[in-house]
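What follows is a set of notes on a single structure, which appears directly below.
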Amino acid sequence: MAVIEFIKRISDTIWELPVSYKQGMRVPARIYGTEKLIREMDETVYDQVTNVATLPGITEYAFCMPDGHSGYGFPIGGVAAMDAEEGVISPGGIGFDINCGMRLVTTNLTYADVKPHLVELVDKFSARVPAGVGSTGFLKISRNEFRKVVEQGARWCVKNGYGWEEDLELTEENGCIEGADSSTISEKAIDRGHNQIGTLGSGNHYLEIQVARRENIIDPESARRFGITIPDQIVVMVHCGSRGFGHQVATDYLQLFLKVMQSKYGIKMLDRELACAPFNSPEGRDYFAAMKCAINMSFANRQVILHRIREVFSSVFGRSPEDLGMHMVYDVAHNTAMLERHMAGGKEKKVLVHRKGATRAFGPGMKGVPERYRDVGQPVIIGGSMETGSYLLAGIASGSQTFFSTAHGSGRSMSRTKARKLWRGEKLQRDMYDRGILVRCASWAGLAEEAGGAYKNIDDVIEATEKAGISKRVVRFMPIGILKG
Amino acid sequence: MPYTFIEGITLADIAFEAWGRDLEETFRSAADATMNVMVEELDSIQPKESRVISIEHDVLDLLLFNFLQEFIYYKDSEQLLLRASEIAIRGKGEGYCLRAIVLGEKIDPDRHRMRVDVKAVTLHRFSLEETDRGWKASVILDI
């Protein structure tokens, strides 16, 4: 029987698979989405989210967000909160690209100001922000200095002149998560990462110049508080992660957990990619500290890229970044496990929230939301496909139902291999140019794989998050200039 | 080509099957498939530099997992695109060991048409199995 026949409708946007669906499930699985999104979701999602529901210590539900699609271990869009005392930590619940995330920067320029300079801007980004396979950054630092970077995150960057003090306040965890310990990371991870700070990577990573058209300001008051105040205002959005460093950290601990999971801790898994260790164990604690290093590396990476963005705008317009109003709106992480306090089982407790391809979305008044946004809620930056647009949302109080988590993007609906057969990069670039979107890319094939048609409809995804009450819409952005990894 | 990319198994990542008459050939095919995700034409990689890969594992399929991971490691740490030249796999105690000589060169954007970066080898549906005609590996790479 198809899963869709088995699934219970809780509301228009919340769907549940009960514990009877699969042997070993400790909690039900809840999948968020409109009926259309649920019907279109690939069936592996249901298999993977119910595998997550079998993990020791999982509380309330195994969730999948409306942009969910098949991943490895957890589905992409997977959220699970583990009891901090009895639960596990799993690299497959975080992803290889630890703290892959989004950063949004405003300008006080309008579309009319930027349009004549668009080619120059995108070309300069292409020259100043390395993208693609094996690219290396401009920062030449020693391995020892790199250890400082992964322990201090964006704070290291600001201290060394690559950013403003206010950037830290506007980054999740202030750009430096506490407890990062570089003694828990391998030499191989340092080999892979120490020369990659300030690089975009590839796949779905990008740097985009976008416009907030006046008709796309959905919540003007929240938009104003987030710095979107001028009609047709230009913003810059970045999507990238912890590069080879984070990938190696995840790989190292996946292998360690495979060794100890069953022999030492007696945990059996339905999928080796869900390898895990008790959070409260030497291996679990080491991975948590190493993962935090990768979180910090990613904050540092996006911070240095922001520095480049400010330099490029400044050189093109002959004005300082301050004068151009290049303030950060916020920086959010996608692939993390965070120790947070939430209501679970009727009482507040400490849980380790795994978010894999999902965004933290704290509501108004919550600790962890920057003071200046405390009454509005945390900004949530959602990157859509390169052809369709992106969103700025805000966290809301009813987000407590998903441990304050929401979607992270459009979510793919077609495999890369198939997309390559349907589109050609060169033609796609010309077609997008005709529609007013200028693209530079590191790879034609990589561009074809990222065609808008390979993704779900971003508006459907965002509508589902709002209807479900896990975040609310503030602004929709349209891309006009793109550097694609 | 002794490998093929598979549609429909994974959306964001890339799945492939690789095969060979023996383990060595299968490992070589899987390494080529991994490299072919990152660079369009494998023939454009010239054998200018060599590295030795020497690994062991008590489980055979995880030996392949570690072997493929080495290619991803060299791509980031030294920007090297590599192909397996000689591979020898043998039993060692309860497990297996592999020694390979791999040849290649640094990424040259003028000569290498690059595709997408491989972040890691995943264990999702990862398998290495003996078939009537030799061995077959099924792999999903994180992109």
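The chains in the structure tokens are called A, B, ... from first to last as shown; in each chain the residues are counted from 1, and the ligands are counted from 1 in the order shown.
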Problem - Distance-based interface of chain B with chain A, 8 Å, counting only C-alpha atoms, as number ranges by chain - result: B: 5-14, 38, 73-77, 79, 107, 113-120, 122-124, 142-143
Problem - Within 12 Å of segment 94-98 of chain B using only C-alpha atoms, minus same-chain residues under 6 positions, as a list in words - result: Leu23, Glu24, Phe27, Arg28, Val52, Ile53, Ser54, Ile55, Glu56, His57, Asp58, Val59, Leu60, Asp61, Leu62, Leu63, Leu64, Phe65, Asn66, Phe67, Leu68, Ala84, Glu86, Ile87 and Ala88 of chain B
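When DSSP is run on the backbone, the residues of segment 66-100 of chain B that fall into strand (DSSP E or B) are Leu80, Leu81, Leu82, Arg83, Ala84, Ser85, Glu86, Ile87, Ala88, Ile89, Arg90, Gly91, Lys92, Gly95, Tyr96, Cys97, Leu98, Arg99 and Ala100 of chain B.
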Exercise for the section: With a distance cut-off of 12 Å and only C-alpha atoms, select the neighbouring residues of segment 110-116 of chain A, excluding the residue or stretch itself and same-chain residues fewer than 2 positions from it, and output the selection as a ChimeraX atom specification. Expected result: /A:106-108,118-122,209-214,228-236,313,316-317,324-325,436-438,477-481
Identify, on the basis of only C-alpha atoms, every residue whose closest approach to Pro2 of chain B does not exceed 10 Å; exclude the query and any residue fewer than 3 positions from it along the same chain; express the result as a PDB file with N, CA and C atoms, in the first residue's frame.
ATOM      1  N   GLU B  17      26.457   2.778  -9.915  1.00  0.00           N
ATOM      2  CA  GLU B  17      26.852   1.382  -9.761  1.00  0.00           C
ATOM      3  C   GLU B  17      28.142   1.204 -10.539  1.00  0.00           C
ATOM      4  N   ALA B  18      29.074   0.461  -9.956  1.00  0.00           N
ATOM      5  CA  ALA B  18      30.342   0.201 -10.639  1.00  0.00           C
ATOM      6  C   ALA B  18      30.622  -1.287 -10.539  1.00  0.00           C
ATOM      7  N   TRP B  19      31.289  -1.841 -11.527  1.00  0.00           N
ATOM      8  CA  TRP B  19      31.518  -3.279 -11.500  1.00  0.00           C
ATOM      9  C   TRP B  19      32.873  -3.648 -12.090  1.00  0.00           C
ATOM     10  N   GLY B  20      33.239  -4.927 -11.907  1.00  0.00           N
ATOM     11  CA  GLY B  20      34.495  -5.426 -12.446  1.00  0.00           C
ATOM     12  C   GLY B  20      34.562  -6.932 -12.295  1.00  0.00           C
ATOM     13  N   GLU B  25      39.372  -4.537  -9.976  1.00  0.00           N
ATOM     14  CA  GLU B  25      38.758  -3.837 -11.097  1.00  0.00           C
ATOM     15  C   GLU B  25      37.527  -3.043 -10.632  1.00  0.00           C
ATOM     16  N   THR B  26      36.789  -3.621  -9.705  1.00  0.00           N
ATOM     17  CA  THR B  26      35.580  -2.960  -9.195  1.00  0.00           C
ATOM     18  C   THR B  26      35.946  -1.698  -8.406  1.00  0.00           C
ATOM     19  N   ARG B  28      38.589   0.068  -8.875  1.00  0.00           N
ATOM     20  CA  ARG B  28      39.082   1.051  -9.838  1.00  0.00           C
ATOM     21  C   ARG B  28      37.901   1.737 -10.540  1.00  0.00           C
ATOM     22  N   SER B  29      36.899   0.929 -10.901  1.00  0.00           N
ATOM     23  CA  SER B  29      35.704   1.491 -11.561  1.00  0.00           C
ATOM     24  C   SER B  29      35.003   2.476 -10.633  1.00  0.00           C
ATOM     25  N   ALA B  30      34.868   2.124  -9.370  1.00  0.00           N
ATOM     26  CA  ALA B  30      34.162   2.990  -8.410  1.00  0.00           C
ATOM     27  C   ALA B  30      34.934   4.298  -8.210  1.00  0.00           C
ATOM     28  N   ASP B  32      36.879   5.706 -10.468  1.00  0.00           N
ATOM     29  CA  ASP B  32      36.671   6.482 -11.696  1.00  0.00           C
ATOM     30  C   ASP B  32      35.293   7.141 -11.698  1.00  0.00           C
ATOM     31  N   ALA B  33      34.284   6.420 -11.232  1.00  0.00           N
ATOM     32  CA  ALA B  33      32.925   6.982 -11.185  1.00  0.00           C
ATOM     33  C   ALA B  33      32.905   8.197 -10.257  1.00  0.00           C
ATOM     34  N   LYS B 136      30.062  -6.066  -7.781  1.00  0.00           N
ATOM     35  CA  LYS B 136      29.321  -4.839  -8.101  1.00  0.00           C
ATOM     36  C   LYS B 136      29.243  -3.954  -6.857  1.00  0.00           C
TER      37      LYS B 136
END
Handout entry: For segment 368-381 of chain A: contacts at 10 Å, only C-alpha atoms, fewer than 2 positions along chain excluded, given as a PyMOL selection string
Key = chain A and resi 101-104+168-174+221-223+225-226+237-239+329-333+340+359-366+383-384+390-397+405-409+471-475
Problem - DSSP helix (DSSP H, G or I) selection over segment 15-95 of chain B, as an NGL selection string - result: :B and (23-38 or 42-44 or 60-77)
Output N, CA and C atoms for every residue in the selection just made, as an mmCIF file, in the first residue's frame.
data_model
loop_
_atom_site.group_PDB
_atom_site.id
_atom_site.type_symbol
_atom_site.label_atom_id
_atom_site.label_comp_id
_atom_site.auth_asym_id
_atom_site.auth_seq_id
_atom_site.Cartn_x
_atom_site.Cartn_y
_atom_site.Cartn_z
ATOM 1 N N LEU B 23 37.791 -7.817 -7.474
ATOM 2 C CA LEU B 23 37.661 -6.692 -6.537
ATOM 3 C C LEU B 23 38.463 -5.481 -7.000
ATOM 4 N N GLU B 24 39.686 -5.755 -7.465
ATOM 5 C CA GLU B 24 40.563 -4.651 -7.863
ATOM 6 C C GLU B 24 39.933 -3.816 -8.979
ATOM 7 N N GLU B 25 39.372 -4.537 -9.976
ATOM 8 C CA GLU B 25 38.758 -3.837 -11.097
ATOM 9 C C GLU B 25 37.527 -3.043 -10.632
ATOM 10 N N THR B 26 36.789 -3.621 -9.705
ATOM 11 C CA THR B 26 35.580 -2.960 -9.195
ATOM 12 C C THR B 26 35.946 -1.698 -8.406
ATOM 13 N N PHE B 27 36.986 -1.807 -7.600
ATOM 14 C CA PHE B 27 37.435 -0.635 -6.842
ATOM 15 C C PHE B 27 37.885 0.470 -7.805
ATOM 16 N N ARG B 28 38.589 0.068 -8.875
ATOM 17 C CA ARG B 28 39.082 1.051 -9.838
ATOM 18 C C ARG B 28 37.901 1.737 -10.540
ATOM 19 N N SER B 29 36.899 0.929 -10.901
ATOM 20 C CA SER B 29 35.704 1.491 -11.561
ATOM 21 C C SER B 29 35.003 2.476 -10.633
ATOM 22 N N ALA B 30 34.868 2.124 -9.370
ATOM 23 C CA ALA B 30 34.162 2.990 -8.410
ATOM 24 C C ALA B 30 34.934 4.298 -8.210
ATOM 25 N N ALA B 31 36.268 4.217 -8.205
ATOM 26 C CA ALA B 31 37.082 5.431 -8.053
ATOM 27 C C ALA B 31 36.909 6.327 -9.280
ATOM 28 N N ASP B 32 36.879 5.706 -10.468
ATOM 29 C CA ASP B 32 36.671 6.482 -11.696
ATOM 30 C C ASP B 32 35.293 7.141 -11.698
ATOM 31 N N ALA B 33 34.284 6.420 -11.232
ATOM 32 C CA ALA B 33 32.925 6.982 -11.185
ATOM 33 C C ALA B 33 32.905 8.197 -10.257
ATOM 34 N N THR B 34 33.551 8.070 -9.117
ATOM 35 C CA THR B 34 33.601 9.174 -8.155
ATOM 36 C C THR B 34 34.281 10.388 -8.777
ATOM 37 N N MET B 35 35.395 10.132 -9.458
ATOM 38 C CA MET B 35 36.144 11.237 -10.073
ATOM 39 C C MET B 35 35.340 11.847 -11.226
ATOM 40 N N ASN B 36 34.595 11.009 -11.948
ATOM 41 C CA ASN B 36 33.815 11.469 -13.096
ATOM 42 C C ASN B 36 32.634 12.366 -12.680
ATOM 43 N N VAL B 37 32.264 12.313 -11.408
ATOM 44 C CA VAL B 37 31.239 13.232 -10.908
ATOM 45 C C VAL B 37 31.831 14.643 -10.835
ATOM 46 N N MET B 38 33.145 14.711 -10.581
ATOM 47 C CA MET B 38 33.799 16.010 -10.401
ATOM 48 C C MET B 38 34.397 16.555 -11.695
ATOM 49 N N LEU B 42 37.568 11.960 -17.918
ATOM 50 C CA LEU B 42 38.650 11.366 -17.123
ATOM 51 C C LEU B 42 39.957 11.350 -17.908
ATOM 52 N N ASP B 43 39.845 11.269 -19.241
ATOM 53 C CA ASP B 43 41.060 11.231 -20.064
ATOM 54 C C ASP B 43 41.843 12.540 -19.988
ATOM 55 N N SER B 44 41.167 13.608 -19.508
ATOM 56 C CA SER B 44 41.888 14.883 -19.410
ATOM 57 C C SER B 44 42.832 14.926 -18.201
ATOM 58 N N LEU B 60 34.893 -5.689 4.241
ATOM 59 C CA LEU B 60 35.314 -5.449 2.855
ATOM 60 C C LEU B 60 34.657 -4.208 2.236
ATOM 61 N N ASP B 61 33.340 -4.024 2.460
ATOM 62 C CA ASP B 61 32.718 -2.878 1.789
ATOM 63 C C ASP B 61 33.218 -1.550 2.380
ATOM 64 N N LEU B 62 33.579 -1.568 3.664
ATOM 65 C CA LEU B 62 34.092 -0.324 4.258
ATOM 66 C C LEU B 62 35.533 -0.038 3.800
ATOM 67 N N LEU B 63 36.211 -1.088 3.310
ATOM 68 C CA LEU B 63 37.520 -0.867 2.675
ATOM 69 C C LEU B 63 37.306 -0.032 1.409
ATOM 70 N N LEU B 64 36.265 -0.353 0.661
ATOM 71 C CA LEU B 64 35.930 0.442 -0.530
ATOM 72 C C LEU B 64 35.532 1.862 -0.134
ATOM 73 N N PHE B 65 34.729 1.967 0.923
ATOM 74 C CA PHE B 65 34.288 3.280 1.432
ATOM 75 C C PHE B 65 35.518 4.157 1.725
ATOM 76 N N ASN B 66 36.486 3.577 2.445
ATOM 77 C CA ASN B 66 37.700 4.335 2.795
ATOM 78 C C ASN B 66 38.544 4.652 1.566
ATOM 79 N N PHE B 67 38.577 3.730 0.627
ATOM 80 C CA PHE B 67 39.356 3.913 -0.599
ATOM 81 C C PHE B 67 38.813 5.122 -1.382
ATOM 82 N N LEU B 68 37.509 5.173 -1.569
ATOM 83 C CA LEU B 68 36.898 6.287 -2.322
ATOM 84 C C LEU B 68 37.107 7.607 -1.588
ATOM 85 N N GLN B 69 37.042 7.536 -0.266
ATOM 86 C CA GLN B 69 37.217 8.729 0.554
ATOM 87 C C GLN B 69 38.597 9.367 0.327
ATOM 88 N N GLU B 70 39.598 8.521 0.022
ATOM 89 C CA GLU B 70 40.958 9.032 -0.216
ATOM 90 C C GLU B 70 40.999 9.983 -1.428
ATOM 91 N N PHE B 71 40.227 9.663 -2.449
ATOM 92 C CA PHE B 71 40.212 10.500 -3.658
ATOM 93 C C PHE B 71 39.606 11.875 -3.353
ATOM 94 N N ILE B 72 38.584 11.860 -2.474
ATOM 95 C CA ILE B 72 37.944 13.122 -2.083
ATOM 96 C C ILE B 72 38.912 13.942 -1.220
ATOM 97 N N TYR B 73 39.645 13.219 -0.376
ATOM 98 C CA TYR B 73 40.631 13.876 0.492
ATOM 99 C C TYR B 73 41.704 14.604 -0.347
ATOM 100 N N TYR B 74 42.273 13.904 -1.324
ATOM 101 C CA TYR B 74 43.342 14.528 -2.127
ATOM 102 C C TYR B 74 42.814 15.693 -2.968
ATOM 103 N N LYS B 75 41.548 15.610 -3.383
ATOM 104 C CA LYS B 75 40.948 16.694 -4.163
ATOM 105 C C LYS B 75 40.929 17.992 -3.350
ATOM 106 N N ASP B 76 40.627 17.892 -2.051
ATOM 107 C CA ASP B 76 40.597 19.095 -1.213
ATOM 108 C C ASP B 76 41.970 19.474 -0.680
ATOM 109 N N SER B 77 42.718 18.479 -0.200
ATOM 110 C CA SER B 77 43.955 18.816 0.498
ATOM 111 C C SER B 77 45.057 19.263 -0.454
#
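Of the listed residues (A:Ser410, A:Ser182, A:Ser315, A:Thr465), A:Thr465 comes nearest to Thr34 of chain A; the distances count only C-alpha atoms.
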Near Arg21 of chain B, within 8 Å and counting only C-alpha atoms, which residues show up once chain neighbours fewer than 6 positions away are dropped, as an mmCIF file with C-alpha atoms, in the first residue's frame?
data_model
loop_
_atom_site.group_PDB
_atom_site.id
_atom_site.type_symbol
_atom_site.label_atom_id
_atom_site.label_comp_id
_atom_site.auth_asym_id
_atom_site.auth_seq_id
_atom_site.Cartn_x
_atom_site.Cartn_y
_atom_site.Cartn_z
ATOM 1 C CA ARG B 133 30.396 -12.040 -13.402
ATOM 2 C CA GLY B 134 32.539 -10.595 -10.626
ATOM 3 C CA TRP B 135 31.710 -7.785 -8.198
#
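Remark: for Ser138 of chain B, the closest of the candidate residues B:Arg125, B:Arg83, B:Arg51, B:Lys92 is B:Arg125 (distances computed over only C-alpha atoms).
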